[in-house]
Every structure is written in C-alpha cells, then in structure tokens.
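Printed here is my_file_16.cif (mmCIF, C-alpha atoms):
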```cif
data_structure
#
loop_
_atom_site.label_atom_id
_atom_site.label_comp_id
_atom_site.auth_asym_id
_atom_site.auth_seq_id
_atom_site.Cartn_x
_atom_site.Cartn_y
_atom_site.Cartn_z
CA MET A 843 12.56 1.05 -1.92
CA VAL A 844 16.08 0.45 -3.30
CA ALA A 845 18.26 3.00 -5.06
CA GLY A 846 17.22 2.39 -8.66
CA THR A 847 14.14 0.64 -7.31
CA LEU A 848 11.62 -1.24 -9.39
CA VAL A 849 8.46 0.58 -8.42
CA GLN A 850 4.99 -0.96 -8.63
CA GLN A 851 2.25 1.23 -10.10
CA ALA A 852 -0.41 2.09 -7.51
CA PHE A 853 -3.95 0.74 -7.83
CA VAL A 854 -6.45 2.71 -9.92
CA PRO A 855 -10.13 1.79 -9.37
CA ALA A 856 -11.56 0.24 -12.53
CA THR A 857 -14.96 1.77 -11.88
CA ALA A 858 -13.76 5.36 -12.38
CA SER A 859 -13.71 5.01 -16.18
CA ALA A 860 -17.37 3.95 -16.20
CA TRP A 861 -18.70 7.21 -14.73
CA PRO A 862 -18.77 9.23 -18.03
CA GLN A 863 -20.86 6.48 -19.65
CA ARG A 864 -23.29 6.56 -16.74
CA ARG A 865 -23.66 10.32 -17.05
CA ALA A 866 -24.36 9.88 -20.78
CA ARG A 867 -27.11 7.36 -20.02
CA VAL A 868 -28.65 9.77 -17.52
CA VAL A 869 -28.78 12.52 -20.16
CA CYS A 870 -30.34 10.19 -22.74
CA ALA A 871 -32.96 8.95 -20.27
CA ALA A 872 -33.97 12.51 -19.42
CA GLN A 873 -34.73 13.44 -23.05
CA GLN A 874 -38.24 12.09 -23.71
CA PRO A 875 -39.74 12.49 -27.21
CA GLU A 876 -43.09 14.21 -27.52
CA GLY A 877 -46.07 11.89 -27.29
CA THR A 878 -44.39 9.41 -24.97
CA SER A 879 -46.99 7.33 -23.11
CA ARG A 880 -47.38 7.53 -19.35
CA ARG A 881 -46.21 3.91 -19.02
CA ALA A 882 -43.08 4.54 -21.10
CA ALA A 883 -42.37 7.71 -19.11
CA LEU A 884 -42.58 5.75 -15.85
CA GLN A 885 -40.23 3.10 -17.22
CA GLN A 886 -37.73 5.76 -18.24
CA ALA A 887 -38.00 7.41 -14.81
CA ALA A 888 -37.33 4.06 -13.13
CA GLY A 889 -34.29 3.53 -15.35
CA LEU A 890 -33.01 7.00 -14.49
CA ALA A 891 -33.38 6.33 -10.75
CA ALA A 892 -31.50 3.02 -11.05
CA THR A 893 -28.69 4.69 -13.00
CA LEU A 894 -28.30 7.40 -10.36
CA LEU A 895 -28.18 4.80 -7.58
CA LEU A 896 -25.45 2.86 -9.39
CA SER A 897 -23.47 6.04 -9.95
CA ARG A 898 -23.63 6.97 -6.27
CA ALA A 899 -22.64 3.43 -5.26
CA ALA A 900 -19.55 3.34 -7.49
CA PRO A 901 -17.03 4.78 -4.99
CA ALA A 902 -18.11 2.25 -2.34
CA LEU A 903 -17.71 -0.61 -4.80
CA ALA A 904 -14.19 0.57 -5.60
CA ASP A 905 -13.23 0.17 -1.92
CA ASP A 906 -13.74 -3.59 -2.25
CA ASP A 907 -10.78 -3.67 -4.64
CA ALA A 908 -8.26 -2.17 -2.20
CA PRO A 909 -4.65 -3.22 -2.88
CA PRO A 910 -3.13 -5.98 -0.69
CA ALA A 911 -1.71 -4.73 2.60
CA LEU A 912 0.35 -5.87 5.57
CA CYS A 913 -1.70 -3.56 7.78
CA ASP A 914 -5.35 -3.30 6.72
CA ALA A 915 -7.91 -0.71 7.83
CA ALA A 916 -8.60 -2.47 11.16
CA CYS A 917 -4.85 -2.72 11.81
CA VAL A 918 -4.35 0.99 11.05
CA ALA A 919 -7.16 1.90 13.45
CA ASP A 920 -5.40 -0.12 16.17
CA LEU A 921 -1.95 1.44 15.70
CA ASP A 922 -2.51 4.05 18.39
CA GLY A 923 -2.78 1.21 20.90
CA HIS A 924 0.80 0.11 20.18
CA GLU A 925 3.99 1.67 21.52
CA ARG A 926 5.81 3.88 19.02
CA VAL A 927 9.58 3.59 19.39
CA THR A 928 11.92 6.41 18.35
CA THR A 929 15.58 5.55 17.68
CA ALA A 930 18.62 7.83 17.94
CA SER A 931 18.55 8.41 14.15
CA GLY A 932 14.98 9.74 14.24
CA LEU A 933 13.40 6.58 12.81
CA GLN A 934 10.08 5.69 14.42
CA TYR A 935 8.37 2.31 14.32
CA VAL A 936 5.46 0.34 15.73
CA ASP A 937 5.69 -3.45 16.15
CA ILE A 938 2.37 -4.77 14.86
CA VAL A 939 3.56 -8.38 15.31
CA LYS A 940 6.69 -8.96 17.41
CA GLY A 941 7.98 -12.09 15.67
CA SER A 942 10.24 -14.72 17.21
CA GLY A 943 13.76 -16.02 16.91
CA ALA A 944 16.97 -14.10 16.28
CA SER A 945 17.39 -10.78 14.53
CA PRO A 946 19.50 -10.76 11.32
CA PRO A 947 23.20 -9.96 11.84
CA LYS A 948 24.62 -7.18 9.68
CA GLY A 949 25.52 -8.48 6.23
CA TYR A 950 22.99 -11.34 6.27
CA GLN A 951 20.48 -11.73 3.47
CA VAL A 952 16.83 -11.66 4.51
CA THR A 953 13.53 -12.20 2.71
CA VAL A 954 10.80 -9.61 3.32
CA ASP A 955 7.42 -8.40 2.16
CA TYR A 956 6.88 -4.64 2.18
CA VAL A 957 4.43 -1.89 1.26
CA ALA A 958 5.91 1.61 0.76
CA MET A 959 3.63 4.65 1.08
CA THR A 960 3.58 8.40 1.31
CA PRO A 961 2.54 9.76 4.74
CA GLU A 962 -0.98 10.16 3.27
CA GLY A 963 -1.14 6.41 2.61
CA ARG A 964 -0.63 6.42 -1.18
CA VAL A 965 1.29 3.26 -2.19
CA PHE A 966 4.30 3.80 -4.46
CA ASP A 967 5.95 0.37 -4.16
CA SER A 968 4.75 -3.03 -2.90
CA SER A 969 6.09 -6.58 -3.02
CA LEU A 970 2.52 -7.79 -2.39
CA GLU A 971 1.29 -6.20 -5.62
CA LYS A 972 4.29 -7.58 -7.51
CA GLY A 973 3.44 -11.04 -6.21
CA TYR A 974 6.80 -12.04 -4.74
CA PRO A 975 8.89 -11.12 -1.66
CA TYR A 976 12.14 -9.15 -1.78
CA GLN A 977 15.65 -10.22 -0.76
CA ILE A 978 17.85 -7.69 1.03
CA ARG A 979 21.35 -7.88 2.47
CA VAL A 980 20.86 -5.89 5.66
CA GLY A 981 23.35 -3.21 6.60
CA ALA A 982 24.82 -3.10 3.09
CA GLY A 983 23.09 0.05 1.87
CA GLN A 984 20.90 -1.83 -0.61
CA VAL A 985 17.75 -0.12 0.69
CA VAL A 986 16.88 3.25 2.20
CA ALA A 987 18.65 3.84 5.51
CA GLY A 988 15.48 3.78 7.63
CA LEU A 989 14.46 0.34 6.38
CA ASP A 990 18.01 -0.98 6.72
CA GLU A 991 18.13 0.14 10.36
CA ALA A 992 14.71 -1.31 11.21
CA LEU A 993 15.45 -4.76 9.77
CA LEU A 994 18.49 -5.21 12.03
CA THR A 995 16.26 -5.27 15.12
CA MET A 996 13.31 -7.25 13.72
CA GLN A 997 12.64 -10.93 14.38
CA THR A 998 11.42 -13.55 11.92
CA GLY A 999 7.65 -13.35 11.46
CA GLY A 1000 7.55 -9.80 12.77
CA VAL A 1001 5.50 -7.06 11.12
CA ARG A 1002 6.54 -3.46 11.69
CA ARG A 1003 5.27 -0.06 10.53
CA LEU A 1004 8.13 2.36 9.92
CA TYR A 1005 7.83 6.14 9.98
CA ILE A 1006 10.99 7.08 8.08
CA PRO A 1007 12.14 10.72 8.22
CA GLY A 1008 13.34 12.40 5.03
CA ASN A 1009 17.04 12.14 5.86
CA LEU A 1010 16.69 8.32 6.07
CA ALA A 1011 14.49 7.94 2.97
CA PHE A 1012 15.06 8.80 -0.71
CA PRO A 1013 17.62 11.65 -1.04
CA LYS A 1014 16.86 12.03 -4.77
CA GLY A 1015 13.15 11.23 -4.48
CA LEU A 1016 11.17 9.12 -6.93
CA PRO A 1017 9.42 10.43 -10.04
CA ALA A 1018 5.69 10.10 -10.52
CA ALA A 1019 4.39 7.46 -12.92
CA ALA A 1020 0.99 6.22 -14.07
CA GLY A 1021 -0.94 5.46 -10.92
CA ARG A 1022 2.05 6.16 -8.69
CA PRO A 1023 2.61 9.31 -6.63
CA ARG A 1024 5.80 11.33 -6.77
CA VAL A 1025 8.09 11.08 -3.76
CA ALA A 1026 9.88 14.39 -3.24
CA PRO A 1027 13.63 14.34 -2.44
CA SER A 1028 14.33 13.73 1.25
CA SER A 1029 10.63 13.60 2.15
CA PRO A 1030 9.27 11.30 4.89
CA VAL A 1031 7.78 7.95 3.89
CA VAL A 1032 5.97 5.09 5.60
CA PHE A 1033 6.87 1.41 5.19
CA ASP A 1034 5.05 -1.69 6.39
CA VAL A 1035 7.52 -4.58 6.41
CA LYS A 1036 7.32 -8.27 7.35
CA LEU A 1037 10.50 -10.26 7.98
CA LEU A 1038 9.77 -13.64 6.42
CA TYR A 1039 13.02 -15.57 6.48
CA ILE A 1040 16.73 -15.39 7.37
CA PRO A 1041 18.67 -18.10 5.47
CA GLY A 1042 20.89 -20.06 7.82
CA ILE A 1043 19.29 -18.67 10.98
CA SER A 1044 15.63 -19.50 10.26
CA ASP A 1045 16.71 -22.98 9.16
CA ALA A 1046 18.61 -23.54 12.39
CA ASP A 1047 15.64 -22.35 14.46
CA ALA A 1048 13.37 -24.81 12.64
CA ASP A 1049 15.73 -27.73 13.38
CA GLU A 1050 15.74 -27.11 17.13
#
```
Mind turning the file's structure into structure tokens?
Amino acid sequence: MVAGTLVQQAFVPATASAWPQRRARVVCAAQQPEGTSRRAALQQAAGLAATLLLSRAAPALADDDAPPALCDAACVADLDGHERVTTASGLQYVDIVKGSGASPPKGYQVTVDYVAMTPEGRVFDSSLEKGYPYQIRVGAGQVVAGLDEALLTMQTGGVRRLYIPGNLAFPKGLPAAAGRPRVAPSSPVVFDVKLLYIPGISDADADE
C-alpha cells in the first residue's frame, strides 16, 4: 500500500497440493489383479467411491480457510445497499460502518487495518494477515493517493471500501510474487480500511 510497501503473500489453499496424491490413489484402486474375490472387489470399489467424494469436496473445504477480511462475503453482498460516494478526484467509496468522533487532521498519525485487492478480489497486501495494524501520517504522501484522501474524511471506528482509480493507485505497479497477484502500473485497486485510532484525538474523545 505504501511506496516500497511490504506486501503480504496471498493465501494459497493447502488442499490443492493433495489432489495429485488423490488421483494416484484412484488409479491404484482401479487396477485389480486377476483372481480378486468379489468381496475384495467390493471393498476396492467402496474405497474408490470415497476417494472420489473427497476429491470433489476439496474445493469446498478450502473455502473454510478464507483469509481474514474487513468485509466478508455477507458484507460484500450487502454493498449494493449502501451509497457509493464519488469525490472530485474520481475516488469512490462506500461507508460500511460510519464510525464516530473527529476525522484526522492533515499531518496526524493514524492507526488502521486494511486489506488491498485487485478489482477481482485477489488480495495483494493485508495488515490482518500480517497480524498487526499499520500507522500512517495522513496527507503526507506515505500511502497511495486514494487511500490518503479517504482517510482524511473517515471517523474513528469507521470501515470503508475504496474503489481507487489507476491515477490514484500505484503509478509503478507492484510485481507478482508467490501467492500474490501482479498489480499493473496505474491500474485500479480496491481497499477495505478501518480507522482504529488517532493519537491525541481518540484519547481526548475517551476522556470526555
């Protein structure tokens, strides 16, 4: 998300590597030696059927291991019911949770969680997968322009989906890596971001 960003590798389902072994077991089960008894043949047939069922079930099992998200499948399905705001720069966003309190003044440091994706939903960076939130000085050019702009109008506790056009995203793009998609130069991206804390302002709000 930042120029010179530390990018988290996207999730790769662990079950995918098991499919070749399952296919090998299917082949072995299908090759019966001559003289095999009827009972043994039935046992082998039952084993073959079970193996095929497991193989077909594998993609569904992989869905249970979906990466952590600020907007899950139910949230995504509900996005059309929220107003999409378009700013003068071309940035679009949907407020999933409005938040409360003040917005961060320009130059203030804020603490956020974020998930960065291609328009197809492939994650290329995520503070949730890294296991810790990110600190940003808003309005200082530390992050892509679309995220910088959006944070200035968010409130603490708010969750927002950003539809960032290419001219406000990564001008040089991001290279592909193991489990992580390539982001082409000046291509649109999608960010989910949660504003967790504004030092000085959040503390004052809590004292009131």
Selection: 9 Å around Asp937 in chain A, all atoms listed in the file, excl. self and same-chain fewer than 3 positions, as a PDB file with C-alpha atoms, in the frame of the given file:
```pdb
ATOM      1  CA  HIS A 924       0.800   0.110  20.180  1.00  0.00           C
ATOM      2  CA  GLU A 925       3.990   1.670  21.520  1.00  0.00           C
ATOM      3  CA  ARG A 926       5.810   3.880  19.020  1.00  0.00           C
ATOM      4  CA  VAL A 927       9.580   3.590  19.390  1.00  0.00           C
ATOM      5  CA  LYS A 940       6.690  -8.960  17.410  1.00  0.00           C
ATOM      6  CA  GLY A 941       7.980 -12.090  15.670  1.00  0.00           C
ATOM      7  CA  MET A 996      13.310  -7.250  13.720  1.00  0.00           C
ATOM      8  CA  GLY A1000       7.550  -9.800  12.770  1.00  0.00           C
ATOM      9  CA  VAL A1001       5.500  -7.060  11.120  1.00  0.00           C
ATOM     10  CA  ARG A1002       6.540  -3.460  11.690  1.00  0.00           C
ATOM     11  CA  ARG A1003       5.270  -0.060  10.530  1.00  0.00           C
ATOM     12  CA  LEU A1004       8.130   2.360   9.920  1.00  0.00           C
TER      13      LEU A1004
END
```
request  = Between CA of Pro910 in chain A and CA of Val957 in chain A, measure the distance and give it in Å to one decimal.
outcome  =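 Between these atoms lies a distance of 8.8 Å.
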key: Of the listed residues A:Asp955, A:Asp1034, A:Glu962, A:Asp920, that which approaches Ile978 in chain A most closely, counting all atoms listed in the file   =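 Of all the options, A:Asp955 lies closest to Ile978 in chain A.
As for CA of Tyr1005 in chain A and CA of Pro1027 in chain A, they are spaced 16.0 Å apart.
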inquiry  = the PyMOL selection byres ((chain A and resi 948) around 9) - which residues does that actually catch in the file I just gave you? List them as a ChimeraX atom specification.
reply    = /A:946-947,949-951,979-982,994
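Taken over the shown file, the PyMOL selection byres ((chain A and resi 1044) around 12) identifies Gly941, Ser942, Gly943, Ala944, Ser945, Pro946, Tyr950, Gln951, Val952, Thr953, Gln997, Thr998, Gly999, Leu1037, Leu1038, Tyr1039, Ile1040, Pro1041, Gly1042, Ile1043, Asp1045, Ala1046, Asp1047, Ala1048, Asp1049 and Glu1050 of chain A.
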Excluding Arg1024 in chain A and any residue of its chain fewer than 3 positions from it, enumerate the residues within 12 Å of it, using all atoms listed in the file, and give them as an mmCIF file with C-alpha atoms, keeping the file's coordinate frame.
```
data_model
loop_
_atom_site.group_PDB
_atom_site.id
_atom_site.type_symbol
_atom_site.label_atom_id
_atom_site.label_comp_id
_atom_site.auth_asym_id
_atom_site.auth_seq_id
_atom_site.Cartn_x
_atom_site.Cartn_y
_atom_site.Cartn_z
ATOM 1 C CA VAL A 849 8.460 0.580 -8.420
ATOM 2 C CA GLN A 851 2.250 1.230 -10.100
ATOM 3 C CA ALA A 852 -0.410 2.090 -7.510
ATOM 4 C CA MET A 959 3.630 4.650 1.080
ATOM 5 C CA THR A 960 3.580 8.400 1.310
ATOM 6 C CA ARG A 964 -0.630 6.420 -1.180
ATOM 7 C CA VAL A 965 1.290 3.260 -2.190
ATOM 8 C CA PHE A 966 4.300 3.800 -4.460
ATOM 9 C CA ASP A 967 5.950 0.370 -4.160
ATOM 10 C CA PHE A 1012 15.060 8.800 -0.710
ATOM 11 C CA LYS A 1014 16.860 12.030 -4.770
ATOM 12 C CA GLY A 1015 13.150 11.230 -4.480
ATOM 13 C CA LEU A 1016 11.170 9.120 -6.930
ATOM 14 C CA PRO A 1017 9.420 10.430 -10.040
ATOM 15 C CA ALA A 1018 5.690 10.100 -10.520
ATOM 16 C CA ALA A 1019 4.390 7.460 -12.920
ATOM 17 C CA ALA A 1020 0.990 6.220 -14.070
ATOM 18 C CA GLY A 1021 -0.940 5.460 -10.920
ATOM 19 C CA PRO A 1027 13.630 14.340 -2.440
ATOM 20 C CA SER A 1028 14.330 13.730 1.250
ATOM 21 C CA SER A 1029 10.630 13.600 2.150
ATOM 22 C CA VAL A 1031 7.780 7.950 3.890
#
```
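As for CA of Val1032 in chain A and CA of Ile1006 in chain A, they are spaced 5.9 Å apart.
Take the candidates A:Ala911, A:Leu933, A:Ile938, A:Val954 and check each one against Val1035 in chain A using all atoms listed in the file; the shortest distance goes to A:Val954.
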